[in-house]
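A quick write-up on the structure given underneath.
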Amino acid sequence: MTKLGVEDLLDATVDRLERSESRPGQVTMAREITSAIESGRHLIVQAGTGTGKSLGYLVPVALSGRRTVVATYTKALQDQLAKFDLPLVASVVEAELGHDLTFAVLKGRSNYLCLQRVDELNDRSQQLDVDPSGTAAVRKLIEWSHETLTGDSGDIDWSLSDNAWRQVSVTSEECPGARKCPRGNDCFAERARALAQESDVIVVNTHLYALDIASDGSILPDHDVVIFDEAHQLEDVVSSSASVAIGPGRVASIASTIRSVIADDALYTRFGRAGTSLTTALAARSGQRVALPLEQSIADALVELRLCTDDALTA
Ligand code: SF4
């Protein structure tokens, strides 16, 4: 079989579209991405509406054979990739390159129905001889838990209330982990993760990618390439998902909590002073992003706060 280049594969993909048309911007994008993947360098692409950017990056990714995560900001784009673009590229790869291209969408844990939660609702109902949920909405979800293959709330085709969903799902903080959970072996969230582990392309939202960075890569499988689509939102999402907020108000609240449990006025005073130093150091940077390396006054205030916290924890 002749070795296909990225333009050939892109042509073969675009030919299958109902309205197939030549898009020079898409071709340039695909060439640049291929070159960036091969040379292992970062690339920023600004592509206007109508460029056909999804295929412009999926085709080079498919050709590269490298495991790739695609992070999107909106659910609409996730759906478009999973239901339309990736199946299309996978079928072209099979026809033109003779191998499979596997893909999966991976979401945060609270997007999947928790079988342990459902068991607990059912147990409680048997013990008390009452309806497990109290609401028709939760009953419907419990019935759905016997039919669904994915447990993914995105597959639900009726109007779902947040309150009902919360009763049959858990956050990652609430989940004890598959090994400690009686339903760990058939858990939907774990199955989705296992599927992602075996896939060539994994679609996630930017928030989940940020959490993966913050947790030293404990959420997503190892990958060689990451594509941030809708990257104009990247900085804000990563900042809000993977950051810890420390400010004078928080320091004051911690100081008063410490005072109520530790009889050490000197420590309380030190906390107060460190909080004031932080306020003063940050005042000039109000509304701005504080970049590394930190200014000396901010670094000094944070070090003092850290020392106070260590002293409080060992008091
Ligand atoms: S491991 Fe257990 S508790 Fe955690 S999400 Fe799965 S079923 Fe629920």
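In the structure tokens, the first chain shown is A, the next is B, and so on; residue numbers restart at 1 for each chain, and ligands run from 1 in the order shown.
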
Residue neighbourhood Val59 in chain A, 8 Å, only C-alpha atoms, exclusion window fewer than 6 positions, as a ChimeraX atom specification: /A:6,9-10,30,89

Limited to N, CA, C and O atoms, could you put the picked residues into a file as a PDB file, in the first residue's frame?
ATOM      1  N   VAL A   6      -0.560  13.547   4.676  1.00  0.00           N
ATOM      2  CA  VAL A   6      -1.697  14.134   5.387  1.00  0.00           C
ATOM      3  C   VAL A   6      -2.705  14.757   4.413  1.00  0.00           C
ATOM      4  O   VAL A   6      -3.917  14.707   4.632  1.00  0.00           O
ATOM      5  N   LEU A   9      -4.898  11.992   2.965  1.00  0.00           N
ATOM      6  CA  LEU A   9      -5.891  11.486   3.921  1.00  0.00           C
ATOM      7  C   LEU A   9      -6.990  12.534   4.152  1.00  0.00           C
ATOM      8  O   LEU A   9      -8.168  12.204   4.315  1.00  0.00           O
ATOM      9  N   LEU A  10      -6.580  13.793   4.168  1.00  0.00           N
ATOM     10  CA  LEU A  10      -7.564  14.863   4.330  1.00  0.00           C
ATOM     11  C   LEU A  10      -8.504  14.891   3.117  1.00  0.00           C
ATOM     12  O   LEU A  10      -9.724  14.997   3.274  1.00  0.00           O
ATOM     13  N   ALA A  30      -3.537  21.402   8.593  1.00  0.00           N
ATOM     14  CA  ALA A  30      -3.200  19.977   8.727  1.00  0.00           C
ATOM     15  C   ALA A  30      -1.701  19.754   8.513  1.00  0.00           C
ATOM     16  O   ALA A  30      -1.068  18.977   9.234  1.00  0.00           O
ATOM     17  N   VAL A  89     -13.489  10.083  10.438  1.00  0.00           N
ATOM     18  CA  VAL A  89     -12.043   9.885  10.263  1.00  0.00           C
ATOM     19  C   VAL A  89     -11.678   8.417  10.490  1.00  0.00           C
ATOM     20  O   VAL A  89     -10.858   7.847   9.755  1.00  0.00           O
TER      21      VAL A  89
END

Considering only C-alpha atoms and all ligand atoms, give me a table of residues in chain A that are at most 10 Å from ligand 1, with the closest atom pair and distance in Å for each, as a tab-separated table.
residue	atom	partner	partner_atom_place_in_ligand_line	distance
A:Arg109	CA	ligand 1	5 (S)	6.4
A:Ser110	CA	ligand 1	5 (S)	7.7
A:Asn111	CA	ligand 1	5 (S)	9.6
A:Tyr112	CA	ligand 1	5 (S)	7.3
A:Leu113	CA	ligand 1	5 (S)	7.2
A:Cys114	CA	ligand 1	8 (Fe)	3.9
A:Leu115	CA	ligand 1	7 (S)	4.5
A:Gln116	CA	ligand 1	7 (S)	4.5
A:Arg117	CA	ligand 1	8 (Fe)	6.2
A:Val118	CA	ligand 1	7 (S)	8.7
A:Asp119	CA	ligand 1	7 (S)	9.2
A:Val168	CA	ligand 1	8 (Fe)	8.7
A:Ser169	CA	ligand 1	8 (Fe)	6.9
A:Val170	CA	ligand 1	5 (S)	6.0
A:Thr171	CA	ligand 1	5 (S)	7.7
A:Ser172	CA	ligand 1	4 (Fe)	7.4
A:Glu173	CA	ligand 1	4 (Fe)	9.3
A:Glu174	CA	ligand 1	3 (S)	7.3
A:Cys175	CA	ligand 1	4 (Fe)	4.1
A:Pro176	CA	ligand 1	4 (Fe)	5.9
A:Gly177	CA	ligand 1	1 (S)	4.9
A:Ala178	CA	ligand 1	1 (S)	3.9
A:Arg179	CA	ligand 1	1 (S)	7.4
A:Lys180	CA	ligand 1	1 (S)	7.6
A:Cys181	CA	ligand 1	2 (Fe)	4.6
A:Pro182	CA	ligand 1	2 (Fe)	6.6
A:Arg183	CA	ligand 1	7 (S)	4.8
A:Gly184	CA	ligand 1	1 (S)	4.4
A:Asn185	CA	ligand 1	1 (S)	7.8
A:Asp186	CA	ligand 1	7 (S)	7.2
A:Cys187	CA	ligand 1	6 (Fe)	4.2
A:Phe188	CA	ligand 1	6 (Fe)	6.3
A:Ala189	CA	ligand 1	6 (Fe)	5.8
A:Glu190	CA	ligand 1	6 (Fe)	6.3
A:Arg191	CA	ligand 1	6 (Fe)	9.0

Counting only C-alpha atoms, which residues in range 77-125 of chain A sit no more than 12 Å from range 215-238 of chain A? For each one, give the nearest pair of atoms and the distance in Å, sorted by chain then residue number, as JSON lines.
{"residue": "A:Leu77", "atom": "CA", "partner": "A:Asp229", "partner_atom": "CA", "distance": 8.8}
{"residue": "A:Gln78", "atom": "CA", "partner": "A:Asp229", "partner_atom": "CA", "distance": 9.9}
{"residue": "A:Leu81", "atom": "CA", "partner": "A:Asp229", "partner_atom": "CA", "distance": 10.9}
{"residue": "A:Ala104", "atom": "CA", "partner": "A:Leu220", "partner_atom": "CA", "distance": 11.7}
{"residue": "A:Val105", "atom": "CA", "partner": "A:Leu220", "partner_atom": "CA", "distance": 11.2}
{"residue": "A:Leu106", "atom": "CA", "partner": "A:Leu220", "partner_atom": "CA", "distance": 8.6}
{"residue": "A:Lys107", "atom": "CA", "partner": "A:Ile219", "partner_atom": "CA", "distance": 10.1}
{"residue": "A:Gly108", "atom": "CA", "partner": "A:Ile219", "partner_atom": "CA", "distance": 9.1}
{"residue": "A:Arg109", "atom": "CA", "partner": "A:Ile219", "partner_atom": "CA", "distance": 10.1}

Based on the selection just made, write N, CA and C atoms of those residues as a PDB file, in the first residue's frame.
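Output (out-v8.pdb):
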ATOM      1  N   LEU A  77     -19.234  20.805  21.040  1.00  0.00           N
ATOM      2  CA  LEU A  77     -18.107  20.379  20.209  1.00  0.00           C
ATOM      3  C   LEU A  77     -17.712  18.935  20.543  1.00  0.00           C
ATOM      4  N   GLN A  78     -17.780  18.589  21.834  1.00  0.00           N
ATOM      5  CA  GLN A  78     -17.491  17.189  22.225  1.00  0.00           C
ATOM      6  C   GLN A  78     -18.414  16.236  21.479  1.00  0.00           C
ATOM      7  N   LEU A  81     -17.552  15.973  17.790  1.00  0.00           N
ATOM      8  CA  LEU A  81     -16.363  15.135  17.556  1.00  0.00           C
ATOM      9  C   LEU A  81     -16.711  13.654  17.693  1.00  0.00           C
ATOM     10  N   ALA A 104     -12.683   7.614  22.412  1.00  0.00           N
ATOM     11  CA  ALA A 104     -13.642   7.587  23.539  1.00  0.00           C
ATOM     12  C   ALA A 104     -13.804   9.002  24.077  1.00  0.00           C
ATOM     13  N   VAL A 105     -14.969   9.243  24.662  1.00  0.00           N
ATOM     14  CA  VAL A 105     -15.189  10.509  25.384  1.00  0.00           C
ATOM     15  C   VAL A 105     -15.079  10.184  26.870  1.00  0.00           C
ATOM     16  N   LEU A 106     -14.273  10.952  27.577  1.00  0.00           N
ATOM     17  CA  LEU A 106     -14.150  10.730  29.021  1.00  0.00           C
ATOM     18  C   LEU A 106     -14.594  11.994  29.750  1.00  0.00           C
ATOM     19  N   LYS A 107     -15.488  11.800  30.733  1.00  0.00           N
ATOM     20  CA  LYS A 107     -16.003  12.947  31.496  1.00  0.00           C
ATOM     21  C   LYS A 107     -15.630  12.795  32.967  1.00  0.00           C
ATOM     22  N   GLY A 108     -15.908  13.834  33.734  1.00  0.00           N
ATOM     23  CA  GLY A 108     -15.672  13.766  35.172  1.00  0.00           C
ATOM     24  C   GLY A 108     -16.609  12.745  35.822  1.00  0.00           C
ATOM     25  N   ARG A 109     -16.214  12.225  36.980  1.00  0.00           N
ATOM     26  CA  ARG A 109     -16.941  11.123  37.612  1.00  0.00           C
ATOM     27  C   ARG A 109     -18.419  11.431  37.849  1.00  0.00           C
TER      28      ARG A 109
END

Which of range 247-314 of chain A fall in helix (DSSP H, G or I), as a PyMOL selection string: chain A and resi 248-261+265-283+296-314

Surrounding residues of Leu278 in chain A excluding itself and chain neighbours under 6 positions, 9 Å, only C-alpha atoms, as a VMD selection string: chain A and resid 247 to 248 297 to 302 305

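CA of Thr74 in chain A lies 18.9 Å from CA of Leu160 in chain A.
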
Neighbour list for Arg306 in chain A as a short mmCIF file (atom, residue, chain, number, x, y, z; two decimals) with all heavy atoms, in the first residue's frame, cut-off 12 Å, only C-alpha atoms, skip fewer than 4 positions in-chain:
data_model
loop_
_atom_site.label_atom_id
_atom_site.label_comp_id
_atom_site.auth_asym_id
_atom_site.auth_seq_id
_atom_site.Cartn_x
_atom_site.Cartn_y
_atom_site.Cartn_z
N ILE A 246 -6.06 31.98 47.67
CA ILE A 246 -5.63 32.42 49.00
C ILE A 246 -5.76 33.94 49.02
O ILE A 246 -5.24 34.60 48.14
CB ILE A 246 -4.15 32.08 49.28
CG1 ILE A 246 -3.88 30.61 49.08
CG2 ILE A 246 -3.77 32.50 50.70
CD1 ILE A 246 -2.41 30.26 49.19
N VAL A 251 -7.49 34.04 54.99
CA VAL A 251 -6.52 33.99 56.09
C VAL A 251 -7.21 34.36 57.40
O VAL A 251 -7.02 33.68 58.43
CB VAL A 251 -5.34 34.95 55.80
CG1 VAL A 251 -4.40 35.00 57.00
CG2 VAL A 251 -4.58 34.52 54.56
N ARG A 270 0.33 36.38 64.90
CA ARG A 270 1.20 36.19 63.73
C ARG A 270 0.37 35.98 62.46
O ARG A 270 0.67 36.50 61.39
CB ARG A 270 2.10 34.97 63.95
CG ARG A 270 3.38 35.31 64.69
CD ARG A 270 4.20 34.05 64.93
NE ARG A 270 4.59 33.36 63.72
CZ ARG A 270 4.80 32.04 63.64
NH1 ARG A 270 4.64 31.27 64.70
NH2 ARG A 270 5.16 31.50 62.51
N PHE A 271 -0.69 35.18 62.58
CA PHE A 271 -1.58 34.95 61.44
C PHE A 271 -2.14 36.28 60.95
O PHE A 271 -2.17 36.56 59.75
CB PHE A 271 -2.75 34.04 61.85
CG PHE A 271 -2.65 32.67 61.25
CD1 PHE A 271 -2.39 31.57 62.03
CD2 PHE A 271 -2.83 32.49 59.87
CE1 PHE A 271 -2.30 30.30 61.48
CE2 PHE A 271 -2.75 31.22 59.32
CZ PHE A 271 -2.48 30.12 60.12
N ALA A 274 0.51 38.26 59.17
CA ALA A 274 0.81 37.68 57.84
C ALA A 274 -0.32 38.01 56.86
O ALA A 274 -0.07 38.32 55.69
CB ALA A 274 1.00 36.17 57.96
N GLY A 275 -1.56 37.98 57.36
CA GLY A 275 -2.70 38.32 56.51
C GLY A 275 -2.62 39.77 56.04
O GLY A 275 -2.86 40.08 54.87
N ALA A 299 5.96 36.75 48.15
CA ALA A 299 6.59 35.49 48.56
C ALA A 299 6.81 35.47 50.08
O ALA A 299 6.53 34.46 50.74
CB ALA A 299 7.92 35.32 47.82
N ASP A 300 7.28 36.60 50.65
CA ASP A 300 7.55 36.65 52.10
C ASP A 300 6.25 36.42 52.89
O ASP A 300 6.23 35.68 53.87
CB ASP A 300 8.13 38.02 52.49
CG ASP A 300 9.57 38.17 52.01
OD1 ASP A 300 10.17 37.13 51.64
OD2 ASP A 300 10.07 39.31 51.98
N ALA A 301 5.16 37.06 52.43
CA ALA A 301 3.87 36.91 53.14
C ALA A 301 3.39 35.47 53.07
O ALA A 301 2.91 34.90 54.07
CB ALA A 301 2.83 37.85 52.55
N LEU A 302 3.57 34.84 51.92
CA LEU A 302 3.12 33.45 51.78
C LEU A 302 3.97 32.50 52.62
O LEU A 302 3.46 31.55 53.22
CB LEU A 302 3.15 33.02 50.29
CG LEU A 302 2.09 33.67 49.40
CD1 LEU A 302 2.29 33.29 47.94
CD2 LEU A 302 0.68 33.26 49.85
N ASP A 310 2.01 25.60 59.57
CA ASP A 310 2.77 24.44 60.09
C ASP A 310 2.73 24.44 61.62
O ASP A 310 2.51 23.40 62.25
CB ASP A 310 4.22 24.49 59.61
CG ASP A 310 4.33 24.15 58.13
OD1 ASP A 310 3.34 23.64 57.57
OD2 ASP A 310 5.39 24.40 57.53
N ASP A 311 2.92 25.63 62.22
CA ASP A 311 2.92 25.72 63.69
C ASP A 311 1.55 25.34 64.24
O ASP A 311 1.44 24.67 65.27
CB ASP A 311 3.30 27.14 64.15
CG ASP A 311 4.78 27.42 63.90
OD1 ASP A 311 5.51 26.45 63.61
OD2 ASP A 311 5.19 28.59 63.97
N ALA A 312 0.49 25.79 63.55
CA ALA A 312 -0.87 25.47 64.02
C ALA A 312 -1.12 23.96 63.94
O ALA A 312 -1.74 23.37 64.83
CB ALA A 312 -1.89 26.22 63.16
N LEU A 313 -0.62 23.34 62.87
CA LEU A 313 -0.86 21.90 62.70
C LEU A 313 -0.10 21.06 63.71
O LEU A 313 -0.50 19.93 64.03
CB LEU A 313 -0.46 21.47 61.27
CG LEU A 313 -1.38 21.97 60.15
CD1 LEU A 313 -0.80 21.67 58.78
CD2 LEU A 313 -2.77 21.35 60.28
#

Give me the residues within 9 Å of range 37-41 of chain A as a list in words, counting only C-alpha atoms and dropping any in the same chain fewer than 5 places off. Glu32, Pro60, Val61, Ser64, Arg66, Asp224 and Val225 of chain A

Keeping N, CA, C and O atoms, export the residues of the selection given above as a PDB file, in the first residue's frame.
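File produced: part-v1.pdb:
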ATOM      1  N   GLU A  32       0.736  21.975   9.031  1.00  0.00           N
ATOM      2  CA  GLU A  32       1.473  22.544  10.171  1.00  0.00           C
ATOM      3  C   GLU A  32       1.368  21.638  11.399  1.00  0.00           C
ATOM      4  O   GLU A  32       2.327  21.465  12.148  1.00  0.00           O
ATOM      5  N   PRO A  60      -4.346  14.827  10.868  1.00  0.00           N
ATOM      6  CA  PRO A  60      -2.928  14.666  11.246  1.00  0.00           C
ATOM      7  C   PRO A  60      -2.737  13.755  12.462  1.00  0.00           C
ATOM      8  O   PRO A  60      -1.800  12.958  12.506  1.00  0.00           O
ATOM      9  N   VAL A  61      -3.636  13.873  13.440  1.00  0.00           N
ATOM     10  CA  VAL A  61      -3.546  13.026  14.639  1.00  0.00           C
ATOM     11  C   VAL A  61      -3.690  11.551  14.240  1.00  0.00           C
ATOM     12  O   VAL A  61      -2.914  10.689  14.667  1.00  0.00           O
ATOM     13  N   SER A  64      -0.648  10.297  12.539  1.00  0.00           N
ATOM     14  CA  SER A  64       0.566  10.227  13.381  1.00  0.00           C
ATOM     15  C   SER A  64       0.664   8.921  14.163  1.00  0.00           C
ATOM     16  O   SER A  64       1.753   8.488  14.524  1.00  0.00           O
ATOM     17  N   ARG A  66      -0.066   8.647  17.142  1.00  0.00           N
ATOM     18  CA  ARG A  66       0.250   8.961  18.550  1.00  0.00           C
ATOM     19  C   ARG A  66      -1.038   9.084  19.353  1.00  0.00           C
ATOM     20  O   ARG A  66      -2.027   9.642  18.852  1.00  0.00           O
ATOM     21  N   ASP A 224       0.656  11.340  24.030  1.00  0.00           N
ATOM     22  CA  ASP A 224       1.799  12.011  23.396  1.00  0.00           C
ATOM     23  C   ASP A 224       1.449  13.415  22.925  1.00  0.00           C
ATOM     24  O   ASP A 224       2.318  14.267  22.819  1.00  0.00           O
ATOM     25  N   VAL A 225       0.176  13.601  22.577  1.00  0.00           N
ATOM     26  CA  VAL A 225      -0.238  14.865  21.956  1.00  0.00           C
ATOM     27  C   VAL A 225      -1.498  15.361  22.658  1.00  0.00           C
ATOM     28  O   VAL A 225      -2.360  14.561  23.028  1.00  0.00           O
TER      29      VAL A 225
END

Find the residue from A:Gly272, A:Gly151, A:Gly52, A:Gly65 that sits nearest to Leu17 in chain A; use only C-alpha atoms when measuring.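 The closest residue to Leu17 in chain A is A:Gly52.
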
So, with only C-alpha atoms as the atoms that count, which of A:Tyr209, A:Trp165, A:Tyr268, A:Phe103 lies closest to Ser145 in chain A?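 Distance minimum relative to Ser145 in chain A lands on A:Trp165.
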
CA of Thr150 in chain A to CA of Ala194 in chain A, straight-line distance in Å: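 Interatomic distance, CA of Ala194 in chain A to CA of Thr150 in chain A: 12.2 Å.
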
Suppose you want the space between CA of Ala90 in chain A and CA of Thr13 in chain A; what is it in Å?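 Between CA of Ala90 in chain A and CA of Thr13 in chain A the gap is 9.5 Å.
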